[in-house]
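Participant: Next up, run.csv (CSV, C-alpha atoms and all ligand atoms).
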```
chain,number,residue,atom,x,y,z
A,1,ALA,CA,157.0,111.6,158.7
A,2,SER,CA,160.1,113.1,157.2
A,3,ALA,CA,162.3,115.7,159.0
A,4,GLY,CA,163.3,119.0,157.5
A,5,ALA,CA,161.7,122.3,156.9
A,6,PRO,CA,158.0,122.6,155.9
A,7,ASP,CA,157.2,123.3,152.3
A,8,PRO,CA,157.3,127.2,152.1
A,9,LYS,CA,154.1,127.4,150.0
A,10,ILE,CA,152.2,125.1,152.4
A,11,ALA,CA,153.6,127.0,155.4
A,12,ARG,CA,152.3,130.3,154.0
A,13,ARG,CA,148.8,128.9,153.2
A,14,LEU,CA,148.4,127.2,156.6
A,15,ALA,CA,149.8,130.1,158.7
A,16,GLY,CA,146.2,131.2,159.6
A,17,VAL,CA,144.9,127.7,160.3
A,18,LYS,CA,144.6,126.9,164.1
A,19,ASN,CA,143.6,123.3,164.1
A,20,ILE,CA,144.0,120.5,161.5
A,21,ILE,CA,141.8,117.5,162.0
A,22,LEU,CA,142.1,114.4,159.8
A,23,VAL,CA,139.0,112.2,159.7
A,24,LEU,CA,140.1,108.5,159.4
A,25,SER,CA,138.4,105.2,159.1
A,26,GLY,CA,139.7,101.6,158.9
A,27,LYS,CA,137.5,100.8,155.9
A,28,GLY,CA,135.1,102.4,153.5
A,29,GLY,CA,131.3,102.8,154.0
A,30,VAL,CA,131.4,103.4,157.8
A,31,GLY,CA,130.3,107.0,157.4
A,32,LYS,CA,133.6,108.8,157.5
A,33,SER,CA,132.6,111.4,154.9
A,34,SER,CA,129.3,111.9,156.6
A,35,VAL,CA,131.0,112.5,159.9
A,36,ALA,CA,133.5,114.9,158.3
A,37,ALA,CA,130.7,116.8,156.7
A,38,GLN,CA,128.6,117.0,159.9
A,39,LEU,CA,131.7,117.9,162.0
A,40,ALA,CA,132.5,120.8,159.6
A,41,LEU,CA,128.8,121.9,159.5
A,42,SER,CA,128.4,121.7,163.2
A,43,LEU,CA,131.6,123.7,163.9
A,44,SER,CA,130.8,126.4,161.4
A,45,SER,CA,127.2,126.9,162.6
A,46,ASN,CA,126.2,128.2,165.9
A,47,SER,CA,123.3,125.7,166.2
A,48,GLY,CA,125.6,122.9,167.4
A,49,PRO,CA,126.0,121.7,170.9
A,50,ALA,CA,126.5,124.5,173.4
A,51,SER,CA,130.0,125.0,174.7
A,52,SER,CA,130.5,125.0,178.4
A,53,SER,CA,132.6,128.0,178.1
A,54,SER,CA,130.0,130.3,176.6
A,55,SER,CA,127.9,132.2,179.0
A,56,ASP,CA,124.8,132.6,176.8
A,57,GLY,CA,124.4,128.9,176.3
A,58,GLY,CA,125.1,129.2,172.6
A,59,ARG,CA,128.3,128.4,170.8
A,60,GLN,CA,130.3,130.6,168.6
A,61,ALA,CA,130.5,129.6,165.0
A,62,ALA,CA,134.0,128.8,163.9
A,63,ARG,CA,135.6,129.4,160.5
A,64,VAL,CA,136.1,126.0,159.0
A,65,GLY,CA,137.7,124.5,155.9
A,66,LEU,CA,136.7,121.1,154.7
A,67,LEU,CA,139.2,119.4,152.4
A,68,ASP,CA,138.0,116.2,150.7
A,69,ILE,CA,140.9,114.1,149.3
A,70,ASP,CA,138.9,110.8,149.2
A,71,LEU,CA,139.8,109.8,145.7
A,72,THR,CA,137.9,106.5,146.1
A,73,GLY,CA,134.6,108.5,146.2
A,74,PRO,CA,134.7,112.2,146.8
A,75,SER,CA,131.2,112.5,148.3
A,76,ILE,CA,131.5,115.8,150.2
A,77,PRO,CA,130.2,118.0,147.3
A,78,ARG,CA,127.0,115.8,147.1
A,79,MET,CA,126.6,115.8,150.8
A,80,LEU,CA,126.7,119.5,151.0
A,81,GLY,CA,124.6,120.2,147.9
A,82,LEU,CA,127.6,121.5,146.0
A,83,ASP,CA,127.6,119.1,143.1
A,84,GLY,CA,128.5,120.8,139.8
A,85,GLN,CA,130.4,123.6,141.5
A,86,SER,CA,134.0,124.2,140.4
A,87,ILE,CA,137.1,125.7,141.9
A,88,ARG,CA,137.9,129.3,140.8
A,89,GLN,CA,141.5,130.3,140.0
A,90,SER,CA,142.4,133.8,141.3
A,91,THR,CA,145.7,135.7,141.1
A,92,ASP,CA,146.4,134.4,144.6
A,93,GLY,CA,145.6,130.8,144.1
A,94,TRP,CA,142.5,128.5,144.1
A,95,VAL,CA,139.4,129.9,145.7
A,96,PRO,CA,137.4,127.3,147.7
A,97,VAL,CA,133.7,126.8,147.2
A,98,TYR,CA,131.7,128.3,150.1
A,99,ALA,CA,128.9,126.1,151.5
A,100,ASP,CA,127.1,128.9,153.2
A,101,ALA,CA,126.2,132.6,152.6
A,102,SER,CA,128.3,133.8,155.5
A,103,GLN,CA,131.4,132.1,154.1
A,104,ARG,CA,132.2,130.3,157.3
A,105,LEU,CA,132.5,126.9,155.6
A,106,ALA,CA,135.1,126.7,152.8
A,107,VAL,CA,135.1,123.5,150.8
A,108,MET,CA,137.7,121.9,148.5
A,109,SER,CA,137.1,118.5,147.0
A,110,VAL,CA,138.8,116.4,144.4
A,111,GLY,CA,135.2,116.0,143.2
A,112,PHE,CA,135.2,119.6,142.0
A,113,LEU,CA,138.1,118.7,139.6
A,114,LEU,CA,136.2,115.8,138.0
A,115,ARG,CA,134.1,116.5,134.9
A,116,SER,CA,131.2,114.5,136.1
A,117,ASN,CA,130.0,112.6,139.1
A,118,ASN,CA,130.6,109.3,137.4
A,119,ASP,CA,134.2,109.9,136.5
A,120,SER,CA,136.3,107.3,138.2
A,121,VAL,CA,139.6,108.4,139.6
A,122,VAL,CA,142.5,106.1,138.8
A,123,TRP,CA,145.5,108.1,139.8
A,124,ARG,CA,148.9,106.7,140.6
A,125,GLY,CA,150.8,107.5,143.8
A,126,PRO,CA,152.9,110.5,142.4
A,127,LYS,CA,149.8,112.2,141.0
A,128,LYS,CA,147.9,111.7,144.2
A,129,ASN,CA,150.9,113.2,146.1
A,130,ALA,CA,151.0,116.2,143.7
A,131,MET,CA,147.3,116.7,144.1
A,132,ILE,CA,147.5,116.8,147.9
A,133,LYS,CA,150.5,119.2,147.7
A,134,GLN,CA,148.4,121.5,145.5
A,135,PHE,CA,145.4,121.4,147.8
A,136,LEU,CA,147.6,122.3,150.7
A,137,GLY,CA,149.8,124.8,148.9
A,138,ASP,CA,147.6,126.5,146.4
A,139,VAL,CA,144.3,127.1,148.1
A,140,ARG,CA,143.4,130.4,149.7
A,141,TRP,CA,142.2,129.0,153.0
A,142,GLY,CA,142.7,132.3,154.8
A,143,GLN,CA,142.0,132.4,158.6
A,144,LEU,CA,140.5,129.1,159.8
A,145,ASP,CA,139.7,127.8,163.3
A,146,TYR,CA,139.6,124.3,161.9
A,147,LEU,CA,140.7,122.6,158.7
A,148,VAL,CA,138.8,119.2,158.6
A,149,ILE,CA,140.3,116.7,156.1
A,150,ASP,CA,138.2,113.8,154.8
A,151,THR,CA,140.8,111.2,153.9
A,152,PRO,CA,140.3,107.9,152.0
A,153,PRO,CA,139.5,104.7,153.9
A,154,GLY,CA,142.3,102.8,155.5
A,155,THR,CA,145.8,104.1,155.3
A,156,SER,CA,147.2,104.7,151.9
A,157,ASP,CA,149.5,106.8,149.8
A,158,GLU,CA,147.3,109.8,150.5
A,159,HIS,CA,147.8,109.5,154.3
A,160,ILE,CA,151.5,109.2,153.9
A,161,SER,CA,151.6,112.3,151.7
A,162,LEU,CA,149.4,114.2,154.1
A,163,MET,CA,151.6,113.4,157.1
A,164,GLU,CA,154.7,114.3,155.1
A,165,TYR,CA,153.4,117.8,154.4
A,166,LEU,CA,151.4,118.3,157.6
A,167,HIS,CA,153.5,117.0,160.4
A,168,HIS,CA,155.0,120.4,161.0
A,169,PHE,CA,151.5,121.8,161.7
A,170,ALA,CA,150.5,119.5,164.6
A,171,PRO,CA,147.6,117.7,162.9
A,172,ARG,CA,145.3,115.5,165.0
A,173,ALA,CA,142.8,112.8,163.9
A,174,VAL,CA,139.3,111.6,164.6
A,175,LEU,CA,138.6,107.9,164.0
A,176,VAL,CA,135.2,106.8,162.7
A,177,THR,CA,134.2,103.2,163.2
A,178,THR,CA,131.0,101.1,163.2
A,179,PRO,CA,130.4,98.6,166.0
A,180,GLN,CA,131.2,95.6,163.8
A,181,ALA,CA,134.3,93.5,164.4
A,182,ILE,CA,135.7,93.7,160.9
A,183,SER,CA,135.7,97.4,161.0
A,184,LEU,CA,137.4,97.2,164.4
A,185,ALA,CA,140.2,95.0,163.1
A,186,ASP,CA,140.8,97.5,160.3
A,187,ASN,CA,140.9,100.2,162.8
A,188,VAL,CA,143.7,98.5,164.7
A,189,ARG,CA,145.8,99.0,161.5
A,190,THR,CA,144.8,102.6,161.3
A,191,LEU,CA,145.8,103.2,165.0
A,192,ASP,CA,149.1,101.6,164.2
A,193,PHE,CA,149.6,104.1,161.4
A,194,CYS,CA,148.9,106.9,163.8
A,195,LYS,CA,151.4,105.6,166.3
A,196,LYS,CA,154.1,105.2,163.7
A,197,THR,CA,153.6,108.6,162.2
A,198,GLY,CA,153.1,110.4,165.5
A,199,LEU,CA,149.6,111.5,164.6
A,200,PRO,CA,147.7,112.1,167.9
A,201,LEU,CA,144.0,111.1,168.0
A,202,VAL,CA,141.4,113.5,169.4
A,203,GLY,CA,139.2,110.4,169.9
A,204,LEU,CA,136.8,107.9,168.3
A,205,ILE,CA,133.3,108.1,167.0
A,206,GLU,CA,131.0,105.0,166.7
A,207,ASN,CA,128.7,105.5,163.7
A,208,MET,CA,125.8,103.3,162.6
A,209,SER,CA,125.4,102.4,166.3
A,210,GLY,CA,122.0,100.9,166.5
A,211,TYR,CA,118.9,101.9,164.5
A,212,VAL,CA,116.4,104.5,165.4
A,213,CYS,CA,112.9,103.5,164.2
A,214,PRO,CA,111.4,106.6,162.6
A,215,HIS,CA,108.0,105.6,163.9
A,216,CYS,CA,108.7,105.0,167.6
A,217,ALA,CA,112.2,106.6,168.0
A,218,GLU,CA,113.4,103.5,169.8
A,219,CYS,CA,117.0,102.4,169.3
A,220,THR,CA,117.5,98.8,168.1
A,221,ASN,CA,121.0,97.4,168.1
A,222,VAL,CA,121.1,96.0,164.5
A,223,TRP,CA,124.9,95.5,164.3
A,224,GLY,CA,125.6,95.5,167.9
A,225,LYS,CA,126.8,98.5,169.9
A,226,GLY,CA,129.6,99.5,172.1
A,227,GLY,CA,132.4,97.9,170.0
A,228,GLY,CA,133.9,101.4,169.2
A,229,GLU,CA,133.7,102.4,172.9
A,230,ALA,CA,135.4,99.1,173.9
A,231,LEU,CA,138.2,99.8,171.3
A,232,ALA,CA,138.6,103.4,172.6
A,233,ASN,CA,138.9,102.1,176.2
A,234,ARG,CA,141.4,99.5,175.2
A,235,GLU,CA,143.5,101.9,173.3
A,236,GLY,CA,143.3,104.7,175.9
A,237,LEU,CA,141.4,107.0,173.4
A,238,GLU,CA,138.7,109.4,174.2
A,239,PHE,CA,135.2,108.1,173.1
A,240,LEU,CA,133.6,111.1,171.5
A,241,GLY,CA,130.1,109.5,171.1
A,242,ARG,CA,127.9,107.4,168.9
A,243,ILE,CA,125.6,108.1,166.0
A,244,PRO,CA,122.7,105.7,165.3
A,245,ILE,CA,121.6,104.6,161.9
A,246,ASP,CA,119.1,107.2,161.0
A,247,PRO,CA,117.1,107.1,157.7
A,248,ARG,CA,116.7,110.9,157.9
A,249,LEU,CA,120.5,111.3,157.8
A,250,VAL,CA,120.6,109.2,154.6
A,251,ARG,CA,118.0,111.4,153.0
A,252,VAL,CA,119.8,114.6,154.0
A,253,LEU,CA,123.3,113.4,153.0
A,254,ASP,CA,122.4,111.7,149.8
A,255,ASP,CA,119.9,114.3,148.7
A,256,ALA,CA,121.5,117.4,150.1
A,257,LYS,CA,118.4,119.6,149.3
A,258,GLU,CA,118.8,120.8,152.9
A,259,VAL,CA,121.9,121.0,155.0
A,260,ALA,CA,121.7,119.9,158.6
A,261,ALA,CA,124.1,119.3,161.4
A,262,THR,CA,123.7,116.2,163.6
A,263,GLN,CA,124.5,116.4,167.2
A,264,ILE,CA,127.0,113.7,168.1
A,265,SER,CA,125.8,112.3,171.4
A,266,ASN,CA,128.0,111.8,174.4
A,267,GLY,CA,128.8,108.1,174.9
A,268,ASP,CA,128.0,108.4,178.6
A,269,GLN,CA,124.4,109.3,177.9
A,270,LYS,CA,121.5,106.8,177.8
A,271,ASP,CA,120.1,105.4,174.5
A,272,GLU,CA,117.2,107.9,174.4
A,273,ASP,CA,119.8,110.7,174.4
A,274,GLY,CA,122.0,108.8,172.0
A,275,GLN,CA,119.9,109.6,169.0
A,276,SER,CA,121.0,111.9,166.3
A,277,ARG,CA,119.0,115.1,166.0
A,278,LEU,CA,118.5,116.9,162.8
A,279,THR,CA,118.0,120.6,163.1
B,301,LIG,P1,132.6,106.5,154.0
B,301,LIG,O1,133.0,107.9,153.9
B,301,LIG,O2,133.1,105.9,155.3
B,301,LIG,O3,132.8,105.7,152.8
B,301,LIG,P2,129.9,107.7,153.9
B,301,LIG,O4,130.0,108.8,154.8
B,301,LIG,O5,130.0,108.0,152.4
B,301,LIG,O6,131.0,106.6,154.3
B,301,LIG,O7,128.6,106.9,154.2
B,301,LIG,C1,128.2,105.7,153.4
B,301,LIG,C2,126.7,105.7,153.3
B,301,LIG,O8,126.1,105.5,154.6
B,301,LIG,C3,126.1,107.0,152.8
B,301,LIG,O9,125.0,106.7,151.9
B,301,LIG,C4,125.6,107.7,154.0
B,301,LIG,O10,124.4,108.5,153.7
B,301,LIG,C5,125.2,106.6,154.9
B,301,LIG,N1,125.3,106.9,156.4
B,301,LIG,C6,126.4,107.3,157.0
B,301,LIG,N2,126.2,107.4,158.3
B,301,LIG,C7,124.9,107.1,158.5
B,301,LIG,C8,124.0,107.0,159.7
B,301,LIG,N3,124.4,107.3,160.9
B,301,LIG,N4,122.7,106.7,159.5
B,301,LIG,C9,122.3,106.3,158.3
B,301,LIG,N5,123.1,106.4,157.2
B,301,LIG,C10,124.3,106.7,157.3
```
What is this file in structure tokens?
Ligand code: ADP

Facilitator:
Amino acid sequence: ASAGAPDPKIARRLAGVKNIILVLSGKGGVGKSSVAAQLALSLSSNSGPASSSSSDGGRQAARVGLLDIDLTGPSIPRMLGLDGQSIRQSTDGWVPVYADASQRLAVMSVGFLLRSNNDSVVWRGPKKNAMIKQFLGDVRWGQLDYLVIDTPPGTSDEHISLMEYLHHFAPRAVLVTTPQAISLADNVRTLDFCKKTGLPLVGLIENMSGYVCPHCAECTNVWGKGGGEALANREGLEFLGRIPIDPRLVRVLDDAKEVAATQISNGDQKDEDGQSRLT
């Protein structure tokens, strides 16, 4: 991260943002975007896990922004049923697309800028950098409790640009991994990037951890299990929980006729409790 003063436009836009969370993964296809979408949905709805601090057992819905800069495949619009929507320009900058009627979940995606779903994005470094700067400096995010950023897989130009613009605003990261060894090796490189750029990690989520049979709800360890937790322990990271492979999640995410939040189970719980629950 470079030193110096923050970009004044970005500083003005992010003045009302309390927490910035980057969602990272060592490689593609591990469910990073799914986790980013579920995290944003869960935080912005009050049907998520109850907070220990709330007296009524419920949880207060937060104001959340979800920024998708995954140029390799901007899947957030599809996952939230927002395909075909476009960004509106106002006199005070770009207006995000709201995913819910109560306007608690504001979404910006590079996907909204593409003419069709099938457009491939082949942008060079400087253009990517300009796009990220614009998403951070031109969007009317307003007051947000969380700005969740879905980043491309691995560590690339986009991550370097993000850290250059965001390091003044104390961003933190969540790492998504599968239990497989190859994914874990890629994650070591991602962890290295975090150390070098001074990006603290909130913790690690193990996705596609075992398979929940839709008929008997029993969990089978197709690709093994626990690799993410072992990595978290080894690196001194908090293990945030595991999400099993769940065919219902594929339907919800790839179809997006309905929007649902999955509870991320606590890693200390038993298998029976480790299943994702769709509400
Ligand atoms: P990434 O962002 O890491 O490339 P995605 O979030 O796009 O990965 O997920 C890749 C595919 O895997 C998507 O089709 C998604 O629906 C599916 N998927 C992700 N997590 C799960 C899960 N826990 N169970 C079943 N399918 C999943």

Participant: Give me, as a PyMOL selection string, all polymer residues having an atom no more than 12 Å from Asp70 of chain A, counting all atoms listed in the file and skipping those fewer than 6 positions away in the same chain.

Facilitator: chain A and resi 22-25+28+32-33+36+76-77+108-112+120-123+128+131-132+149-159

Participant: Can you work out which one of A:Asp145, A:Leu201, A:Arg248, A:Ala11 has the shortest atom-to-atom distance to Pro171 of chain A, counting all atoms listed in the file?

Facilitator: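 Going through A:Asp145, A:Leu201, A:Arg248, A:Ala11 one by one, the smallest distance to Pro171 of chain A is for A:Leu201.
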
Participant: Centre and edge lengths, as JSON, for the axis-aligned box enclosing every listed atom of segment 27-37 of chain A with 6 Å of padding on each of the six sides, in Å to one decimal?

Facilitator:
```
{"center_x": 133.4, "center_y": 108.8, "center_z": 156.7, "size_x": 20.2, "size_y": 28.0, "size_z": 18.4}
```

Participant: Kindly provide the residues of chain A that approach ligand LIG 301 (chain B) to within 6 Å, each paired with its closest atom pair and their distance in Å to one decimal, based on all atoms listed in the file, listed by chain and increasing number, as a Markdown table.

Facilitator:
```
| residue | atom | partner | partner_atom | distance |
| --- | --- | --- | --- | --- |
| A:Gly28 | CA | B:LIG301 | O3 | 4.1 |
| A:Gly29 | CA | B:LIG301 | O3 | 3.5 |
| A:Val30 | CA | B:LIG301 | O2 | 3.9 |
| A:Gly31 | CA | B:LIG301 | O4 | 3.2 |
| A:Lys32 | CA | B:LIG301 | O2 | 3.7 |
| A:Ser33 | CA | B:LIG301 | O1 | 3.7 |
| A:Ser34 | CA | B:LIG301 | O4 | 3.7 |
| A:Asn207 | CA | B:LIG301 | N3 | 5.4 |
| A:Met208 | CA | B:LIG301 | N3 | 4.6 |
| A:Ile243 | CA | B:LIG301 | N3 | 5.3 |
| A:Pro244 | CA | B:LIG301 | N3 | 5.0 |
| A:Ile245 | CA | B:LIG301 | N4 | 3.4 |
| A:Asp246 | CA | B:LIG301 | N4 | 3.9 |
| A:Pro247 | CA | B:LIG301 | C9 | 5.3 |
| A:Leu249 | CA | B:LIG301 | C9 | 5.3 |
| A:Val250 | CA | B:LIG301 | O10 | 4.0 |
| A:Leu253 | CA | B:LIG301 | O10 | 5.1 |
| A:Asp254 | CA | B:LIG301 | O10 | 5.4 |
```

Participant: Extract, using all atoms listed in the file, all DNA, RNA and protein residues at most 10 Å from segment 101-106 of chain A, discarding same-chain residues fewer than 4 positions from it, and format them as a list in words.

Facilitator: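 The residues that qualify are Ala40, Leu41, Leu43, Ser44, Ser45, Ala61, Ala62, Arg63, Val64, Gly65, Leu66, Leu67, Val95, Pro96, Val97, Arg140, Trp141, Gly142, Leu144, Asp145, Tyr146 and Leu147 of chain A.
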
Participant: Could you tell me how far atom CA of Ile20 of chain A sits from atom CA of Arg88 of chain A, in Å to one decimal place?

Facilitator: 23.3 Å

Participant: Looking at A:Thr197, A:Ser86, A:Asn233, A:Asn187, which one is nearest to Leu113 of chain A, with distances taken over all atoms listed in the file?

Facilitator: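 Nearest to Leu113 of chain A: A:Ser86.
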
Participant: Could you tell me how far atom CA of Val139 of chain A lies from atom CA of Val174 of chain A, in Å and to one decimal?

Facilitator: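 Result for atom CA of Val139 of chain A versus atom CA of Val174 of chain A: 23.2 Å, one decimal.
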
Participant: Would you mind reading off the distance between atom CA of Val148 of chain A and atom CA of Ser42 of chain A, one decimal, in Å?

Facilitator: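 Value for the atom CA of Val148 of chain A-atom CA of Ser42 of chain A distance: 11.6 Å.
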
Participant: With all atoms listed in the file as the basis for distance, which of A:Ser209, A:Thr177, A:Thr91, A:Thr72 is at the shortest distance from Ala232 of chain A?

Facilitator: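 So, comparing all the options, the nearest one is A:Thr177.
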
Participant: At most 12 Å from (134.5, 94.0, 159.0), file frame, only C-alpha atoms: which residues, as an MDAnalysis selection string?

Facilitator: chainID A and resid 25:30 177:188 223 227

Participant: What would segment 178-201 of chain A look like with N, CA and C atoms restored, written as a PDB file, in the frame of the given file?

Facilitator:
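Ended up saving to part.pdb:
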```pdb
ATOM      1  N   THR A 178     132.370 101.608 162.884  1.00  0.00           N
ATOM      2  CA  THR A 178     131.000 101.100 163.200  1.00  0.00           C
ATOM      3  C   THR A 178     131.263 100.062 164.328  1.00  0.00           C
ATOM      4  N   PRO A 179     130.191  99.554 164.919  1.00  0.00           N
ATOM      5  CA  PRO A 179     130.400  98.600 166.000  1.00  0.00           C
ATOM      6  C   PRO A 179     130.867  97.238 165.562  1.00  0.00           C
ATOM      7  N   GLN A 180     130.901  96.986 164.255  1.00  0.00           N
ATOM      8  CA  GLN A 180     131.200  95.600 163.800  1.00  0.00           C
ATOM      9  C   GLN A 180     132.684  95.263 163.935  1.00  0.00           C
ATOM     10  N   ALA A 181     132.911  93.980 164.155  1.00  0.00           N
ATOM     11  CA  ALA A 181     134.300  93.500 164.400  1.00  0.00           C
ATOM     12  C   ALA A 181     135.236  93.744 163.289  1.00  0.00           C
ATOM     13  N   ILE A 182     134.809  93.524 162.036  1.00  0.00           N
ATOM     14  CA  ILE A 182     135.700  93.700 160.900  1.00  0.00           C
ATOM     15  C   ILE A 182     136.236  95.096 160.830  1.00  0.00           C
ATOM     16  N   SER A 183     135.331  96.013 161.057  1.00  0.00           N
ATOM     17  CA  SER A 183     135.700  97.400 161.000  1.00  0.00           C
ATOM     18  C   SER A 183     136.714  97.685 162.174  1.00  0.00           C
ATOM     19  N   LEU A 184     136.499  97.026 163.290  1.00  0.00           N
ATOM     20  CA  LEU A 184     137.400  97.200 164.400  1.00  0.00           C
ATOM     21  C   LEU A 184     138.797  96.720 164.127  1.00  0.00           C
ATOM     22  N   ALA A 185     138.878  95.559 163.448  1.00  0.00           N
ATOM     23  CA  ALA A 185     140.200  95.000 163.100  1.00  0.00           C
ATOM     24  C   ALA A 185     140.923  95.960 162.149  1.00  0.00           C
ATOM     25  N   ASP A 186     140.190  96.527 161.185  1.00  0.00           N
ATOM     26  CA  ASP A 186     140.800  97.500 160.300  1.00  0.00           C
ATOM     27  C   ASP A 186     141.280  98.716 161.032  1.00  0.00           C
ATOM     28  N   ASN A 187     140.531  99.064 162.044  1.00  0.00           N
ATOM     29  CA  ASN A 187     140.900 100.200 162.800  1.00  0.00           C
ATOM     30  C   ASN A 187     142.194 100.051 163.593  1.00  0.00           C
ATOM     31  N   VAL A 188     142.466  98.804 163.980  1.00  0.00           N
ATOM     32  CA  VAL A 188     143.700  98.500 164.700  1.00  0.00           C
ATOM     33  C   VAL A 188     144.897  98.924 163.790  1.00  0.00           C
ATOM     34  N   ARG A 189     144.770  98.603 162.484  1.00  0.00           N
ATOM     35  CA  ARG A 189     145.800  99.000 161.500  1.00  0.00           C
ATOM     36  C   ARG A 189     145.929 100.504 161.413  1.00  0.00           C
ATOM     37  N   THR A 190     144.782 101.175 161.411  1.00  0.00           N
ATOM     38  CA  THR A 190     144.800 102.600 161.300  1.00  0.00           C
ATOM     39  C   THR A 190     145.468 103.233 162.567  1.00  0.00           C
ATOM     40  N   LEU A 191     145.148 102.663 163.718  1.00  0.00           N
ATOM     41  CA  LEU A 191     145.800 103.200 165.000  1.00  0.00           C
ATOM     42  C   LEU A 191     147.269 102.960 164.934  1.00  0.00           C
ATOM     43  N   ASP A 192     147.678 101.858 164.337  1.00  0.00           N
ATOM     44  CA  ASP A 192     149.100 101.600 164.200  1.00  0.00           C
ATOM     45  C   ASP A 192     149.785 102.646 163.345  1.00  0.00           C
ATOM     46  N   PHE A 193     149.109 103.044 162.262  1.00  0.00           N
ATOM     47  CA  PHE A 193     149.600 104.100 161.400  1.00  0.00           C
ATOM     48  C   PHE A 193     149.798 105.409 162.205  1.00  0.00           C
ATOM     49  N   CYS A 194     148.807 105.714 163.026  1.00  0.00           N
ATOM     50  CA  CYS A 194     148.900 106.900 163.800  1.00  0.00           C
ATOM     51  C   CYS A 194     150.062 106.904 164.778  1.00  0.00           C
ATOM     52  N   LYS A 195     150.268 105.751 165.390  1.00  0.00           N
ATOM     53  CA  LYS A 195     151.400 105.600 166.300  1.00  0.00           C
ATOM     54  C   LYS A 195     152.718 105.801 165.582  1.00  0.00           C
ATOM     55  N   LYS A 196     152.838 105.127 164.452  1.00  0.00           N
ATOM     56  CA  LYS A 196     154.100 105.200 163.700  1.00  0.00           C
ATOM     57  C   LYS A 196     154.410 106.551 163.159  1.00  0.00           C
ATOM     58  N   THR A 197     153.381 107.292 162.750  1.00  0.00           N
ATOM     59  CA  THR A 197     153.600 108.600 162.200  1.00  0.00           C
ATOM     60  C   THR A 197     153.518 109.733 163.203  1.00  0.00           C
ATOM     61  N   GLY A 198     153.216 109.366 164.454  1.00  0.00           N
ATOM     62  CA  GLY A 198     153.100 110.400 165.500  1.00  0.00           C
ATOM     63  C   GLY A 198     151.916 111.292 165.330  1.00  0.00           C
ATOM     64  N   LEU A 199     150.805 110.711 164.836  1.00  0.00           N
ATOM     65  CA  LEU A 199     149.600 111.500 164.600  1.00  0.00           C
ATOM     66  C   LEU A 199     148.659 111.272 165.855  1.00  0.00           C
ATOM     67  N   PRO A 200     148.488 112.289 166.703  1.00  0.00           N
ATOM     68  CA  PRO A 200     147.700 112.100 167.900  1.00  0.00           C
ATOM     69  C   PRO A 200     146.171 112.020 167.552  1.00  0.00           C
ATOM     70  N   LEU A 201     145.432 111.213 168.295  1.00  0.00           N
ATOM     71  CA  LEU A 201     144.000 111.100 168.000  1.00  0.00           C
ATOM     72  C   LEU A 201     143.193 111.914 169.054  1.00  0.00           C
TER      73      LEU A 201
END
```
